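Reviewing the structure listed below.
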Amino acid sequence: GMSLRAGRLLPRDKLPDARAGDCVRGKRWIYCLPAVINIGAQKAGTGELQTWLEKHPAMLVHGGEVHFFDTVENGAACDSESERDILKLKYLRFLWRRRRLTAEAVTSGPLMLPASPDMLDAGELPMVNKVAFEKTPAYMDVADPALLACIAPETKLLVMLREPVARTISAYQMCQSMKMGRWCRDPMEEAVAFAMHNHTDPPTLNQQALQLRPALRRTFTLGFYSAHISRWLVHFPGSSMRVQWVEHFKADPFRGMWAAENFLGLPNHDYRQQATKNDAGLWVVGKSKSNNRKAHTPARPATTQTLRRFYAPWQHDLRTLLASHNLSLLPDLPIPQ
């Protein structure tokens with residue numbers, strides 16, 4: 001099956017053999033290749049999922065966002081074994097530069113995952129009992145999937161999505177509230193009018209106008225979920241990727257976590273021991289971002305309508321893609337409208 005297997009703690013000279021989920025000894029510290037990466041999308045609950053995963057006794061969660069594959073210098077190559085080993089080492093160093101891991105932290109305690117058959121013949125290598133995890137939502141549309149596939153083709157990919165109109169409005173309003181840049185100074189309806197040819201049906205992006213506004217353009221193209229997921233499916237089998245909607249997760253995080261654990265092959269953890277209901281009536285564990293949401297003014301109905309028409313063909317493509325590759329973590333639930 002495609003479930004996770006316990007990783008190995010490898011000596012330093014065996015770095016080339018390290019697969020997703022394995023850890024490598026450095027001079028002083030241990031460096032683990034993630035077995036699971038949450039690649040997106042931004043403003044779709046990736047932080048919330050990470051907070052829940054952190055509570056699982058088998059998970060070694062990096063925390064925060066890593067931003068390696070979306071910022072790795074252009075032309076980072078992985079065409080030979082030596083280039084692959086260099087890139088793998090760079091990733092490991094970058095990943096764990098702020099969080100020091102010890103051998104004890106990754107090997108002590110009961111083994112949570114089955115060992116793969118070839119491991120048991122591998123002799124005396126210690127087994128890793130933690131599943132390393134990182135999340136960087138920008139990977140979905142910015143990273144080159146070929147680079148990750150080159151250094152760790154066995155990686156499991158989790159994708160969190162959110163109904164694209166709500167995601168776009170949320171991202172734009174976050175930019176406005178954080179005063180993050182000049183690209184979001186205009187009211188939302190003006191930004192939509194500037195960015196789109198509204199006389200077409202469905203509306204299309206005004207590529208010429210957006211040439212000098214890459215951040216604004218990306219806010220809209222990020223909702224082309226089917227295009228982004230298709231890029232990853234060129235390099236990863238559908239069996240190693242699952243998609244979950246934040247709307248489903250918020251409505252029943254216990255079911256969402258159960259489905260994620262079953263996909264990964266993790267033992268089920270009883271989150272009800274740790275979860276509490278916040279003021280909004282949502283289940284949360286630990287420090288949840290849902291607790292400190294500022295209410296934004298809703299977008300104008302005409303703007304929402306334009307965005308709905310704009311994303312409709314993409315949502316149609318996504319439905320087909322999710323079904324044909326069996327990518328939905330909760331396939332019986334309809335895609336949020």
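Here's how to read the names in the structure tokens: chain A, B, ... by the order shown, residue numbers from 1 in each chain, ligand numbers from 1 in the order shown.
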
Which neighbours of Ala143 in chain A fall inside 12 Å, counting only C-alpha atoms, when residues of the same chain fewer than 5 positions from it are skipped, and could you give them as a short mmCIF file (atom, residue, chain, number, x, y, z; two decimals) with all heavy atoms, in the first residue's frame?
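Okay, part34.cif is ready:
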```
data_model
loop_
_atom_site.label_atom_id
_atom_site.label_comp_id
_atom_site.auth_asym_id
_atom_site.auth_seq_id
_atom_site.Cartn_x
_atom_site.Cartn_y
_atom_site.Cartn_z
N ILE A 39 1.04 21.49 0.84
CA ILE A 39 1.53 22.42 -0.19
C ILE A 39 0.58 23.58 -0.47
O ILE A 39 0.85 24.39 -1.35
CB ILE A 39 1.82 21.67 -1.51
CG1 ILE A 39 0.57 20.97 -2.04
CG2 ILE A 39 2.97 20.70 -1.35
CD1 ILE A 39 0.72 20.40 -3.46
N GLY A 40 -0.53 23.72 0.26
CA GLY A 40 -1.40 24.87 0.00
C GLY A 40 -2.84 24.51 0.31
O GLY A 40 -3.11 23.42 0.82
N HIS A 67 9.12 27.64 3.23
CA HIS A 67 9.51 28.43 2.05
C HIS A 67 10.87 28.05 1.48
O HIS A 67 11.71 28.91 1.27
CB HIS A 67 9.49 29.94 2.37
CG HIS A 67 8.11 30.47 2.60
ND1 HIS A 67 7.17 30.56 1.60
CD2 HIS A 67 7.49 30.90 3.73
CE1 HIS A 67 6.03 31.05 2.10
NE2 HIS A 67 6.20 31.25 3.40
N PHE A 68 11.06 26.77 1.22
CA PHE A 68 12.29 26.36 0.53
C PHE A 68 12.06 26.27 -0.97
O PHE A 68 12.72 26.94 -1.75
CB PHE A 68 12.81 25.03 1.07
CG PHE A 68 14.07 24.56 0.37
CD1 PHE A 68 15.29 25.12 0.68
CD2 PHE A 68 14.02 23.56 -0.61
CE1 PHE A 68 16.47 24.71 0.03
CE2 PHE A 68 15.18 23.14 -1.26
CZ PHE A 68 16.41 23.71 -0.93
N PHE A 69 11.09 25.44 -1.38
CA PHE A 69 10.93 25.17 -2.82
C PHE A 69 10.34 26.34 -3.58
O PHE A 69 10.45 26.39 -4.80
CB PHE A 69 10.09 23.90 -3.03
CG PHE A 69 10.79 22.66 -2.56
CD1 PHE A 69 10.47 22.09 -1.33
CD2 PHE A 69 11.80 22.08 -3.31
CE1 PHE A 69 11.13 20.95 -0.88
CE2 PHE A 69 12.47 20.95 -2.87
CZ PHE A 69 12.13 20.38 -1.65
N ASP A 70 9.70 27.29 -2.88
CA ASP A 70 9.17 28.45 -3.60
C ASP A 70 10.19 29.57 -3.69
O ASP A 70 9.98 30.54 -4.41
CB ASP A 70 7.89 28.97 -2.93
CG ASP A 70 8.08 29.30 -1.46
OD1 ASP A 70 8.79 28.55 -0.77
OD2 ASP A 70 7.53 30.31 -0.99
N THR A 71 11.31 29.45 -2.96
CA THR A 71 12.32 30.52 -3.00
C THR A 71 13.68 30.02 -3.49
O THR A 71 14.59 30.81 -3.68
CB THR A 71 12.53 31.14 -1.60
OG1 THR A 71 12.89 30.10 -0.69
CG2 THR A 71 11.27 31.83 -1.10
N VAL A 72 13.82 28.70 -3.64
CA VAL A 72 15.10 28.14 -4.09
C VAL A 72 15.47 28.81 -5.41
O VAL A 72 14.62 29.03 -6.27
CB VAL A 72 15.00 26.60 -4.21
CG1 VAL A 72 14.10 26.19 -5.36
CG2 VAL A 72 16.36 25.97 -4.35
N GLU A 73 16.75 29.17 -5.53
CA GLU A 73 17.13 30.02 -6.67
C GLU A 73 16.75 29.37 -7.99
O GLU A 73 16.86 28.16 -8.16
CB GLU A 73 18.64 30.33 -6.65
CG GLU A 73 19.53 29.12 -6.63
CD GLU A 73 19.78 28.54 -5.22
OE1 GLU A 73 18.94 28.75 -4.32
OE2 GLU A 73 20.80 27.87 -5.05
N ASN A 74 16.28 30.20 -8.92
CA ASN A 74 15.91 29.68 -10.23
C ASN A 74 17.10 28.97 -10.84
O ASN A 74 18.24 29.41 -10.68
CB ASN A 74 15.45 30.82 -11.15
CG ASN A 74 14.07 31.29 -10.76
OD1 ASN A 74 13.34 30.57 -10.10
ND2 ASN A 74 13.71 32.49 -11.17
N ALA A 76 17.86 25.98 -9.95
CA ALA A 76 18.28 24.90 -9.05
C ALA A 76 18.05 23.62 -9.83
O ALA A 76 16.94 23.34 -10.26
CB ALA A 76 17.45 24.90 -7.78
N THR A 136 4.02 24.73 3.52
CA THR A 136 4.29 26.02 2.88
C THR A 136 3.24 26.20 1.80
O THR A 136 3.33 25.60 0.73
CB THR A 136 5.70 26.07 2.27
OG1 THR A 136 6.67 25.74 3.27
CG2 THR A 136 5.99 27.47 1.72
N PRO A 137 2.19 27.00 2.08
CA PRO A 137 1.10 27.09 1.11
C PRO A 137 1.51 27.66 -0.24
O PRO A 137 0.84 27.41 -1.24
CB PRO A 137 0.08 28.00 1.79
CG PRO A 137 0.58 28.28 3.16
CD PRO A 137 1.94 27.70 3.33
N ALA A 138 2.63 28.38 -0.30
CA ALA A 138 3.05 28.95 -1.59
C ALA A 138 3.58 27.87 -2.54
O ALA A 138 3.68 28.10 -3.74
CB ALA A 138 4.13 30.01 -1.37
N LEU A 148 11.04 18.68 -5.74
CA LEU A 148 10.68 17.83 -4.61
C LEU A 148 10.63 16.36 -5.05
O LEU A 148 11.10 15.47 -4.35
CB LEU A 148 9.33 18.26 -4.00
CG LEU A 148 8.82 17.37 -2.85
CD1 LEU A 148 9.80 17.34 -1.68
CD2 LEU A 148 7.45 17.82 -2.37
N ALA A 149 10.06 16.12 -6.23
CA ALA A 149 9.97 14.74 -6.73
C ALA A 149 11.36 14.15 -6.94
O ALA A 149 11.56 12.95 -6.79
CB ALA A 149 9.18 14.71 -8.03
N HIS A 228 -3.14 24.10 -10.77
CA HIS A 228 -2.01 23.90 -9.85
C HIS A 228 -1.86 22.43 -9.47
O HIS A 228 -0.75 21.89 -9.47
CB HIS A 228 -2.20 24.75 -8.59
CG HIS A 228 -2.41 26.20 -8.88
ND1 HIS A 228 -1.59 26.90 -9.74
CD2 HIS A 228 -3.34 27.09 -8.44
CE1 HIS A 228 -2.02 28.16 -9.82
NE2 HIS A 228 -3.08 28.29 -9.04
N ILE A 229 -2.98 21.78 -9.17
CA ILE A 229 -2.92 20.36 -8.78
C ILE A 229 -2.41 19.52 -9.96
O ILE A 229 -1.62 18.59 -9.77
CB ILE A 229 -4.29 19.89 -8.28
CG1 ILE A 229 -4.58 20.53 -6.91
CG2 ILE A 229 -4.34 18.36 -8.17
CD1 ILE A 229 -5.99 20.33 -6.39
N ARG A 231 -0.26 20.37 -12.18
CA ARG A 231 1.21 20.52 -12.23
C ARG A 231 1.88 19.50 -11.31
O ARG A 231 2.90 18.92 -11.65
CB ARG A 231 1.62 21.92 -11.74
CG ARG A 231 1.65 23.01 -12.76
CD ARG A 231 2.19 24.33 -12.22
NE ARG A 231 2.34 24.50 -10.79
CZ ARG A 231 3.51 24.69 -10.16
NH1 ARG A 231 4.65 24.72 -10.84
NH2 ARG A 231 3.57 24.86 -8.85
N TRP A 232 1.30 19.32 -10.11
CA TRP A 232 1.89 18.38 -9.15
C TRP A 232 1.67 16.93 -9.59
O TRP A 232 2.51 16.07 -9.36
CB TRP A 232 1.32 18.63 -7.75
CG TRP A 232 1.92 19.87 -7.16
CD1 TRP A 232 1.49 21.16 -7.33
CD2 TRP A 232 3.10 19.96 -6.34
NE1 TRP A 232 2.33 22.03 -6.66
CE2 TRP A 232 3.32 21.33 -6.05
CE3 TRP A 232 3.98 19.00 -5.82
CZ2 TRP A 232 4.39 21.76 -5.26
CZ3 TRP A 232 5.05 19.44 -5.03
CH2 TRP A 232 5.25 20.81 -4.76
#
```

**Request:** Quick one: pick out all strand (DSSP E) residues within range 2-162 of chain A from a backbone DSSP run and write them as a count of residues only.
**Result:** 31

**Message:** So that I can check the secondary structure, give me every residue of range 185-281 of chain A assigned helix (DSSP H, G or I) by backbone DSSP, as a ChimeraX atom specification.
**Reply:** /A:188-195,207-210,214-221,225-233,238-240,246-251,253-264,271-273

**Prompt:** Which distance in Å separates CA of Met196 in chain A and CA of Gln244 in chain A, to one decimal?
**Reply:**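 CA of Gln244 in chain A lies at a distance of 28.8 Å from CA of Met196 in chain A.
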
**Asked** Restricting the calculation to only C-alpha atoms, which member of A:Leu307, A:Met257, A:Ala115, A:Leu233 is positioned closest to Ser324 in chain A?
**Response**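 For Ser324 in chain A, the nearest of the given residues is A:Leu233.
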
**Request:** Could you jot down the CA of Lys14 in chain A to CA of Lys27 in chain A separation for me, Å, one decimal place?
**Result:**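 CA of Lys27 in chain A lies at a distance of 13.5 Å from CA of Lys14 in chain A.
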
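Counting only C-alpha atoms, Arg19 in chain A has the following residues at most 9 Å away, ignoring those fewer than 2 positions along the same chain: Gly7, Arg8, Leu15, Pro16, Asp17, Gly21, Asp22, Cys23, Leu33, Pro34, Ala35, Ile151, Ala152, Pro153, Glu154 and Thr155 of chain A.
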
**Request:** Excluding Arg272 in chain A and any residue of its chain fewer than 3 positions from it, enumerate the residues within 10 Å of it, using only C-alpha atoms, and give them as a count of residues only.
**Result:** 8

**Message:** Quick one: residues within 7 Å of Met241 in chain A, only C-alpha atoms, excluding same-chain residues fewer than 6 positions away - as an MDAnalysis selection string?
**Reply:** chainID A and resid 156:158 327

**Fill in**
Closest of A:Arg28, A:Arg309, A:His296, A:Arg242 to Gln176 in chain A, counting only C-alpha atoms, is A:His296

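Put simply, CA of Ser108 in chain A is 10.0 Å away from CA of Pro126 in chain A.
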
**Prompt:** In terms of the shortest atom-to-atom distance over only C-alpha atoms, which of A:Asp201, A:Glu104, A:Glu83, A:Glu189 is closest to Ala312 in chain A?
**Reply:**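 Counting only C-alpha atoms, the residue closest to Ala312 in chain A is A:Asp201.
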
**Request:** Have a look at A:Arg217, A:His56, A:Lys88, A:His62 and name the one nearest to Leu205 in chain A; count only C-alpha atoms.
**Result:** A:Arg217

**Asked** For Trp96 in chain A, which of A:Leu125, A:Val61, A:Leu49, A:Cys150 is the closest residue, counting only C-alpha atoms?
**Response**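 Nearest to Trp96 in chain A: A:Val61.
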
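Closest to Thr306 in chain A among A:Leu60, A:Gly45, A:Cys78, A:Asn198 is A:Asn198, based on only C-alpha atoms.
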
Counting only C-alpha atoms, which residues in range 44-78 of chain A sit no more than 9 Å from range 131-134 of chain A? For each one, give the nearest pair of atoms and the distance in Å, sorted by chain then residue number, as JSON lines.
```
{"residue": "A:Gln50", "atom": "CA", "partner": "A:Glu134", "partner_atom": "CA", "distance": 8.4}
{"residue": "A:Leu53", "atom": "CA", "partner": "A:Phe133", "partner_atom": "CA", "distance": 8.8}
{"residue": "A:Ala58", "atom": "CA", "partner": "A:Val131", "partner_atom": "CA", "distance": 5.9}
{"residue": "A:Met59", "atom": "CA", "partner": "A:Val131", "partner_atom": "CA", "distance": 4.7}
{"residue": "A:Leu60", "atom": "CA", "partner": "A:Ala132", "partner_atom": "CA", "distance": 4.5}
{"residue": "A:Val61", "atom": "CA", "partner": "A:Phe133", "partner_atom": "CA", "distance": 4.9}
{"residue": "A:His62", "atom": "CA", "partner": "A:Glu134", "partner_atom": "CA", "distance": 5.4}
{"residue": "A:Gly63", "atom": "CA", "partner": "A:Glu134", "partner_atom": "CA", "distance": 7.0}
{"residue": "A:Gly64", "atom": "CA", "partner": "A:Glu134", "partner_atom": "CA", "distance": 8.2}
{"residue": "A:Glu65", "atom": "CA", "partner": "A:Glu134", "partner_atom": "CA", "distance": 7.2}
{"residue": "A:Val66", "atom": "CA", "partner": "A:Glu134", "partner_atom": "CA", "distance": 6.9}
```

**Request:** Extract, using only C-alpha atoms, all DNA, RNA and protein residues at most 12 Å from Gly223 in chain A, discarding same-chain residues fewer than 2 positions from it, and format them as a ChimeraX atom specification.
**Result:** /A:40-44,140-141,160-171,217-221,225-229,307-308,310-315,317-318
